[in-house]
file structure_22.cif (mmCIF, C-alpha atoms and all ligand atoms)
data_input
loop_
_atom_site.label_atom_id
_atom_site.label_comp_id
_atom_site.auth_asym_id
_atom_site.auth_seq_id
_atom_site.Cartn_x
_atom_site.Cartn_y
_atom_site.Cartn_z
CA MET A 235 189.91 142.64 122.68
CA ILE A 236 192.91 140.30 122.74
CA LEU A 237 195.16 139.99 119.67
CA GLU A 238 196.74 136.61 119.11
CA LEU A 239 199.27 135.59 116.47
CA ILE A 240 199.81 132.02 115.32
CA LYS A 241 201.43 130.25 112.41
CA ALA A 242 198.95 127.63 111.28
CA ASP A 243 196.54 126.32 108.69
CA ILE A 244 193.38 128.35 109.42
CA THR A 245 191.16 125.33 108.63
CA THR A 246 192.40 123.76 111.90
CA ILE A 247 191.46 126.77 114.06
CA LYS A 248 188.62 126.30 116.53
CA ALA A 249 187.42 129.92 116.58
CA ASP A 250 183.77 130.97 116.41
CA ALA A 251 184.54 132.17 112.89
CA ILE A 252 187.43 131.94 110.48
CA VAL A 253 187.72 134.43 107.65
CA ASN A 254 188.20 133.28 104.09
CA ALA A 255 190.11 135.27 101.47
CA ALA A 256 187.53 134.57 98.81
CA ASN A 257 186.89 135.90 95.32
CA SER A 258 183.80 137.74 94.16
CA SER A 259 182.24 134.58 92.72
CA LEU A 260 182.17 132.96 96.21
CA LEU A 261 182.54 129.64 94.41
CA GLY A 262 185.96 128.74 95.80
CA GLY A 263 189.43 128.97 94.35
CA GLY A 264 193.00 128.24 95.38
CA GLY A 265 194.96 129.31 98.45
CA VAL A 266 193.08 129.60 101.71
CA ASP A 267 189.78 129.65 99.78
CA GLY A 268 190.59 126.26 98.29
CA ALA A 269 191.62 124.83 101.66
CA ILE A 270 188.45 126.02 103.40
CA HIS A 271 186.15 124.61 100.73
CA ARG A 272 188.11 121.37 100.41
CA LYS A 273 188.17 120.65 104.14
CA GLY A 274 184.90 122.35 105.05
CA GLY A 275 182.92 120.33 102.55
CA LYS A 276 180.05 121.00 100.22
CA GLU A 277 177.84 122.65 102.88
CA ILE A 278 179.98 125.77 102.58
CA LEU A 279 179.69 125.93 98.79
CA LYS A 280 175.93 125.27 99.02
CA ALA A 281 175.56 128.23 101.40
CA CYS A 282 177.73 130.41 99.14
CA ILE A 283 175.58 129.57 96.12
CA GLU A 284 172.46 130.51 98.08
CA ILE A 285 174.03 133.88 98.89
CA ARG A 286 175.04 134.32 95.25
CA ASN A 287 171.49 133.57 94.11
CA LYS A 288 170.12 136.11 96.58
CA GLN A 289 172.58 139.00 96.32
CA GLY A 290 174.85 138.28 93.35
CA LYS A 291 178.64 138.46 93.56
CA CYS A 292 180.47 139.66 96.64
CA LYS A 293 182.09 143.03 95.97
CA THR A 294 185.72 143.65 96.94
CA GLY A 295 185.86 144.73 100.58
CA ASN A 296 182.48 143.18 101.42
CA ALA A 297 181.90 140.10 103.56
CA VAL A 298 179.28 137.35 103.82
CA ILE A 299 178.84 134.59 106.40
CA THR A 300 178.16 130.89 106.02
CA THR A 301 178.36 127.67 107.99
CA ALA A 302 181.85 126.25 108.46
CA GLY A 303 180.66 122.77 107.44
CA ASN A 304 183.12 120.12 108.68
CA LEU A 305 185.64 122.64 110.02
CA PRO A 306 186.23 123.09 113.78
CA ALA A 307 185.00 126.71 113.53
CA ARG A 308 181.26 127.46 113.56
CA TYR A 309 181.20 130.03 110.80
CA VAL A 310 183.20 131.11 107.77
CA ILE A 311 183.17 134.81 106.95
CA HIS A 312 184.06 135.17 103.27
CA THR A 313 185.57 138.48 102.29
CA VAL A 314 187.04 139.58 98.97
CA GLY A 315 190.36 141.37 99.14
CA PRO A 316 191.68 143.81 96.52
CA VAL A 317 193.96 142.54 93.79
CA TRP A 318 197.23 144.50 94.03
CA ASN A 319 197.69 146.80 91.03
CA GLY A 320 200.13 149.25 92.53
CA GLU A 321 200.10 151.45 95.61
CA SER A 322 196.81 153.31 95.91
CA GLU A 323 194.60 154.71 98.63
CA LYS A 324 191.76 152.74 97.05
CA ASN A 325 193.57 149.40 97.44
CA ASN A 326 194.46 150.20 101.04
CA ALA A 327 190.90 151.26 101.84
CA LEU A 328 189.40 148.14 100.26
CA LEU A 329 191.70 145.89 102.27
CA ALA A 330 190.76 147.74 105.45
CA ASP A 331 187.09 147.24 104.50
CA CYS A 332 187.66 143.47 104.44
CA TYR A 333 188.75 143.49 108.09
CA ARG A 334 186.16 146.05 109.22
CA ASN A 335 183.22 144.40 107.44
CA SER A 336 184.25 140.96 108.67
CA LEU A 337 184.38 142.25 112.27
CA ALA A 338 181.01 143.98 111.86
CA LEU A 339 179.45 140.77 110.52
CA ALA A 340 181.00 138.85 113.41
CA ILE A 341 179.32 141.17 115.92
CA GLU A 342 175.99 140.91 114.09
CA ASN A 343 176.23 137.13 114.54
CA GLY A 344 177.33 137.15 118.19
CA ILE A 345 180.80 135.94 117.27
CA LYS A 346 183.44 136.55 119.97
CA VAL A 347 186.57 134.89 118.57
CA ILE A 348 187.50 135.46 114.94
CA ALA A 349 190.56 134.28 113.01
CA PHE A 350 191.91 136.13 109.97
CA PRO A 351 194.30 134.90 107.29
CA ASN A 352 196.59 137.44 105.63
CA ILE A 353 193.99 138.61 103.13
CA SER A 354 195.15 139.53 99.59
CA THR A 355 198.83 138.68 100.27
CA GLY A 356 198.88 135.48 98.19
CA ILE A 357 197.41 135.16 94.72
CA TYR A 358 196.29 138.82 94.90
CA HIS A 359 199.90 139.95 95.49
CA PHE A 360 199.22 142.69 98.02
CA PRO A 361 202.60 143.57 99.58
CA LYS A 362 202.76 141.71 102.90
CA ASN A 363 204.24 144.58 104.90
CA ASN A 364 201.55 147.09 103.83
CA ALA A 365 198.82 144.48 104.29
CA ALA A 366 200.00 143.68 107.82
CA ASP A 367 199.99 147.39 108.76
CA ILE A 368 196.47 147.80 107.38
CA ALA A 369 195.18 144.63 109.07
CA ILE A 370 196.56 145.48 112.51
CA ALA A 371 195.54 149.16 112.36
CA THR A 372 192.01 148.37 111.17
CA VAL A 373 191.48 145.77 113.90
CA ASN A 374 192.95 148.04 116.59
CA ASN A 375 190.85 151.02 115.48
CA PHE A 376 187.62 149.07 115.05
CA ALA A 377 184.87 151.13 116.65
CA GLU A 378 183.10 148.28 118.45
CA LYS A 379 186.18 146.26 119.35
CA GLU A 380 184.99 145.84 122.91
CA LYS A 381 182.33 143.49 121.53
CA ILE A 382 185.00 141.13 120.19
CA GLU A 383 186.86 138.96 122.71
CA LYS A 384 189.77 137.81 120.55
CA VAL A 385 191.16 138.34 117.06
CA ILE A 386 193.61 135.68 115.91
CA PHE A 387 195.97 136.56 113.07
CA VAL A 388 196.72 133.24 111.39
CA CYS A 389 199.85 133.29 109.25
CA PHE A 390 200.57 130.40 106.94
CA ASP A 391 203.94 131.53 105.58
CA ASP A 392 207.08 132.58 107.45
CA GLU A 393 207.29 136.03 105.86
CA ASN A 394 203.87 137.08 107.11
CA TYR A 395 204.50 135.51 110.50
CA GLU A 396 207.80 137.38 111.00
CA LEU A 397 206.17 140.66 109.93
CA TYR A 398 203.27 140.29 112.38
CA LEU A 399 205.64 139.16 115.13
CA GLN A 400 207.60 142.42 114.84
CA LYS A 401 204.56 144.67 114.38
CA LEU A 402 202.68 143.15 117.31
CA ASN A 403 206.00 143.04 119.25
CA LYS A 404 205.01 139.66 120.50
N1 LIG A 501 195.55 128.79 106.24
C1 LIG A 501 195.92 130.07 106.48
N2 LIG A 501 196.41 130.89 105.53
C2 LIG A 501 196.58 130.36 104.29
C3 LIG A 501 196.23 129.04 103.97
C4 LIG A 501 195.69 128.24 105.01
N3 LIG A 501 195.31 126.97 104.80
N4 LIG A 501 196.51 128.83 102.64
C5 LIG A 501 197.04 129.98 102.18
N5 LIG A 501 197.09 130.90 103.17
C6 LIG A 501 197.62 132.26 103.15
C7 LIG A 501 198.63 132.57 102.09
O1 LIG A 501 199.94 132.19 102.50
C8 LIG A 501 198.50 134.10 102.03
O2 LIG A 501 199.34 134.67 103.02
O3 LIG A 501 196.53 133.12 102.89
C9 LIG A 501 197.04 134.36 102.42
C10 LIG A 501 196.15 134.82 101.29
O4 LIG A 501 196.52 134.09 100.12
P1 LIG A 501 195.43 133.53 99.10
O5 LIG A 501 194.75 132.39 99.70
O6 LIG A 501 196.14 133.34 97.80
O7 LIG A 501 194.36 134.71 98.97
P2 LIG A 501 194.44 136.12 98.26
O8 LIG A 501 195.83 136.58 98.06
O9 LIG A 501 193.50 136.98 99.04
O10 LIG A 501 193.83 135.82 96.82
C11 LIG A 501 192.47 135.49 96.74
O11 LIG A 501 192.92 133.44 95.61
O12 LIG A 501 192.32 131.40 96.32
C12 LIG A 501 191.98 132.40 95.49
O13 LIG A 501 189.61 132.24 95.31
C13 LIG A 501 190.66 133.01 95.87
O14 LIG A 501 190.55 134.29 93.86
C14 LIG A 501 190.80 134.36 95.25
C15 LIG A 501 192.27 134.69 95.47
#

call {"tool": "encode", "arguments": {"input": "structure_22.cif", "output": "structure tokens"}}
result
Amino acid sequence: MILELIKADITTIKADAIVNAANSSLLGGGGVDGAIHRKGGKEILKACIEIRNKQGKCKTGNAVITTAGNLPARYVIHTVGPVWNGESEKNNALLADCYRNSLALAIENGIKVIAFPNISTGIYHFPKNNAADIAIATVNNFAEKEKIEKVIFVCFDDENYELYLQKLNK
């Protein structure tokens, strides 16, 4: 499994799947969620509503998969990160679940190249340094990582990009 780091808008990434930092409603929001729905079009929201009608809200740490609509990617994997409310094992574990469950869903759908944003580090205020450590460790320790060809960490802001650059010693 190759790790790649880029500074970009994830809606422009032509991966098999891009991951969305969604909220439990799955009905869109701001940040990367807003960008994905805005550019991906109503097909994504339609698919999210179908999932909502079937299974209800998406719990923190869980992930669901939809079409990517008009985006260059084929799929969007929507995962709900924890809202930061102070250092806790629970917060760390839930953020790790987002990466692990997204990777597991990717494998279930034959996805080989998956792009992650920096989940929870925007509106949910998860400290960027901790989040980067959790993201990289979870991806590196993923049990079935040989089934994934490439994981792309897509940073949108400089702070996250610099952190990942050091930690991945790119
Ligand atoms: N491409 C890549 N990354 C992006 C983009 C984009 N187009 N837009 C924002 N980001 C980055 C932010 O810079 C941040 O590092 O995504 C990271 C996560 O930030 P948010 O999108 O705010 O997500 P999060 O912190 O997980 O909060 C989720 O925000 O948008 C709402 O509906 C969403 O309620 C949910 C909450």

call {"tool": "closest_residue", "arguments": {"input": "structure_22.cif", "among": "A:Pro306, A:Gly356, A:Pro361, A:Gly344", "to": "Ile252 (chain A)", "atoms": "only C-alpha atoms"}}
result
A:Pro306

call {"tool": "closest_residue", "arguments": {"input": "structure_22.cif", "among": "A:Gly320, A:Gly315, A:Gly303, A:Pro351", "to": "His271 (chain A)", "atoms": "all atoms listed in the file"}}
result
A:Gly303

call {"tool": "residues_around", "arguments": {"input": "structure_22.cif", "residues": "Glu380 (chain A)", "least_positions_apart": "6", "cutoff": "12 Å", "atoms": "all atoms listed in the file", "output": "ChimeraX atom specification"}}
result
/A:235-236,337-338,341,346-347,373-374

call {"tool": "residues_around", "arguments": {"input": "structure_22.cif", "residues": "Leu397 (chain A)", "least_positions_apart": "3", "cutoff": "8 Å", "atoms": "all atoms listed in the file", "output": "PyMOL selection string"}}
result
chain A and resi 362-363+366+393-394+400-401

call {"tool": "residues_near_ligand", "arguments": {"input": "structure_22.cif", "ligand": "ligand LIG 501 (chain A)", "cutoff": "8 Å", "atoms": "all atoms listed in the file", "output": "ChimeraX atom specification"}}
result
/A:242-245,254-258,260-270,314-317,351-360,362,388-391,394

call {"tool": "atom_distance", "arguments": {"input": "structure_22.cif", "atom1": "CA of Phe350 (chain A)", "atom2": "CA of Ile386 (chain A)"}}
result
6.2 Å

call {"tool": "residues_around", "arguments": {"input": "structure_22.cif", "residues": "region 283-291 of chain A", "least_positions_apart": "2", "cutoff": "12 Å", "atoms": "only C-alpha atoms", "output": "list of chain:residue names"}}
result
A:Ala256, A:Asn257, A:Ser258, A:Ser259, A:Leu260, A:Leu261, A:Gly262, A:Lys276, A:Glu277, A:Ile278, A:Leu279, A:Lys280, A:Ala281, A:Lys293, A:Thr294, A:Gly295, A:Asn296, A:Ala297, A:Val298, A:Ile299, A:Thr300, A:Thr301, A:His312, A:Thr313, A:Val314

call {"tool": "write_last_selection", "arguments": {"input": "structure_22.cif", "atoms": "C-alpha atoms", "output": "tab-separated table (two decimals), keeping the file's coordinate frame"}}
result
chain	number	residue	atom	x	y	z
A	256	ALA	CA	187.53	134.57	98.81
A	257	ASN	CA	186.89	135.90	95.32
A	258	SER	CA	183.80	137.74	94.16
A	259	SER	CA	182.24	134.58	92.72
A	260	LEU	CA	182.17	132.96	96.21
A	261	LEU	CA	182.54	129.64	94.41
A	262	GLY	CA	185.96	128.74	95.80
A	276	LYS	CA	180.05	121.00	100.22
A	277	GLU	CA	177.84	122.65	102.88
A	278	ILE	CA	179.98	125.77	102.58
A	279	LEU	CA	179.69	125.93	98.79
A	280	LYS	CA	175.93	125.27	99.02
A	281	ALA	CA	175.56	128.23	101.40
A	293	LYS	CA	182.09	143.03	95.97
A	294	THR	CA	185.72	143.65	96.94
A	295	GLY	CA	185.86	144.73	100.58
A	296	ASN	CA	182.48	143.18	101.42
A	297	ALA	CA	181.90	140.10	103.56
A	298	VAL	CA	179.28	137.35	103.82
A	299	ILE	CA	178.84	134.59	106.40
A	300	THR	CA	178.16	130.89	106.02
A	301	THR	CA	178.36	127.67	107.99
A	312	HIS	CA	184.06	135.17	103.27
A	313	THR	CA	185.57	138.48	102.29
A	314	VAL	CA	187.04	139.58	98.97

call {"tool": "closest_residue", "arguments": {"input": "structure_22.cif", "among": "A:Asp392, A:Glu383, A:Glu323, A:Asp331", "to": "Ile240 (chain A)", "atoms": "all atoms listed in the file"}}
result
A:Asp392

call {"tool": "atom_distance", "arguments": {"input": "structure_22.cif", "atom1": "CA of Lys273 (chain A)", "atom2": "CA of Cys292 (chain A)"}}
result
21.8 Å

call {"tool": "atom_distance", "arguments": {"input": "structure_22.cif", "atom1": "CA of Cys282 (chain A)", "atom2": "CA of Leu339 (chain A)"}}
result
15.5 Å

call {"tool": "closest_residue", "arguments": {"input": "structure_22.cif", "among": "A:Asn403, A:Asn325, A:Asn343, A:Asn304", "to": "Glu238 (chain A)", "atoms": "all atoms listed in the file"}}
result
A:Asn403

call {"tool": "closest_residue", "arguments": {"input": "structure_22.cif", "among": "A:Ala330, A:Ala251, A:Val385, A:Leu237", "to": "Ile345 (chain A)", "atoms": "all atoms listed in the file"}}
result
A:Ala251

call {"tool": "closest_residue", "arguments": {"input": "structure_22.cif", "among": "A:Glu321, A:Asp250, A:Glu342, A:Glu396", "to": "Lys381 (chain A)", "atoms": "all atoms listed in the file"}}
result
A:Glu342

call {"tool": "axis_aligned_box", "arguments": {"input": "structure_22.cif", "around": "region 309-319 of chain A", "padding_each_side": "5 Å", "output": "JSON"}}
result
{"center_x": 189.4, "center_y": 138.4, "center_z": 100.9, "size_x": 26.5, "size_y": 26.8, "size_z": 29.8}

call {"tool": "build_atoms", "arguments": {"input": "structure_22.cif", "residues": "region 289-304 of chain A", "atoms": "N, CA and C atoms", "output": "short mmCIF file (atom, residue, chain, number, x, y, z; two decimals), in the coordinates of the input"}}
result
data_model
loop_
_atom_site.label_atom_id
_atom_site.label_comp_id
_atom_site.auth_asym_id
_atom_site.auth_seq_id
_atom_site.Cartn_x
_atom_site.Cartn_y
_atom_site.Cartn_z
N GLN A 289 172.03 137.64 96.40
CA GLN A 289 172.58 139.00 96.32
C GLN A 289 173.54 139.19 95.18
N GLY A 290 173.85 138.11 94.43
CA GLY A 290 174.85 138.28 93.35
C GLY A 290 176.26 138.17 93.91
N LYS A 291 177.24 138.62 93.15
CA LYS A 291 178.64 138.46 93.56
C LYS A 291 178.95 139.29 94.79
N CYS A 292 180.05 138.91 95.47
CA CYS A 292 180.47 139.66 96.64
C CYS A 292 181.50 140.70 96.19
N LYS A 293 181.21 141.95 96.40
CA LYS A 293 182.09 143.03 95.97
C LYS A 293 183.39 143.04 96.81
N THR A 294 184.45 143.52 96.21
CA THR A 294 185.72 143.65 96.94
C THR A 294 185.50 144.49 98.20
N GLY A 295 186.00 144.00 99.31
CA GLY A 295 185.86 144.73 100.58
C GLY A 295 184.64 144.30 101.37
N ASN A 296 183.69 143.64 100.71
CA ASN A 296 182.48 143.18 101.42
C ASN A 296 182.71 141.81 102.02
N ALA A 297 181.77 141.40 102.87
CA ALA A 297 181.90 140.10 103.56
C ALA A 297 180.52 139.45 103.69
N VAL A 298 180.52 138.12 103.60
CA VAL A 298 179.28 137.35 103.82
C VAL A 298 179.62 136.22 104.77
N ILE A 299 178.61 135.63 105.39
CA ILE A 299 178.84 134.59 106.40
C ILE A 299 178.10 133.30 106.06
N THR A 300 178.79 132.19 106.26
CA THR A 300 178.16 130.89 106.02
C THR A 300 178.53 129.94 107.16
N THR A 301 177.94 128.76 107.13
CA THR A 301 178.36 127.67 107.99
C THR A 301 179.83 127.34 107.71
N ALA A 302 180.46 126.69 108.65
CA ALA A 302 181.85 126.25 108.46
C ALA A 302 181.89 124.77 108.08
N GLY A 303 180.71 124.17 107.89
CA GLY A 303 180.66 122.77 107.44
C GLY A 303 181.43 121.85 108.38
N ASN A 304 182.37 121.11 107.87
CA ASN A 304 183.12 120.12 108.68
C ASN A 304 184.29 120.72 109.46
#
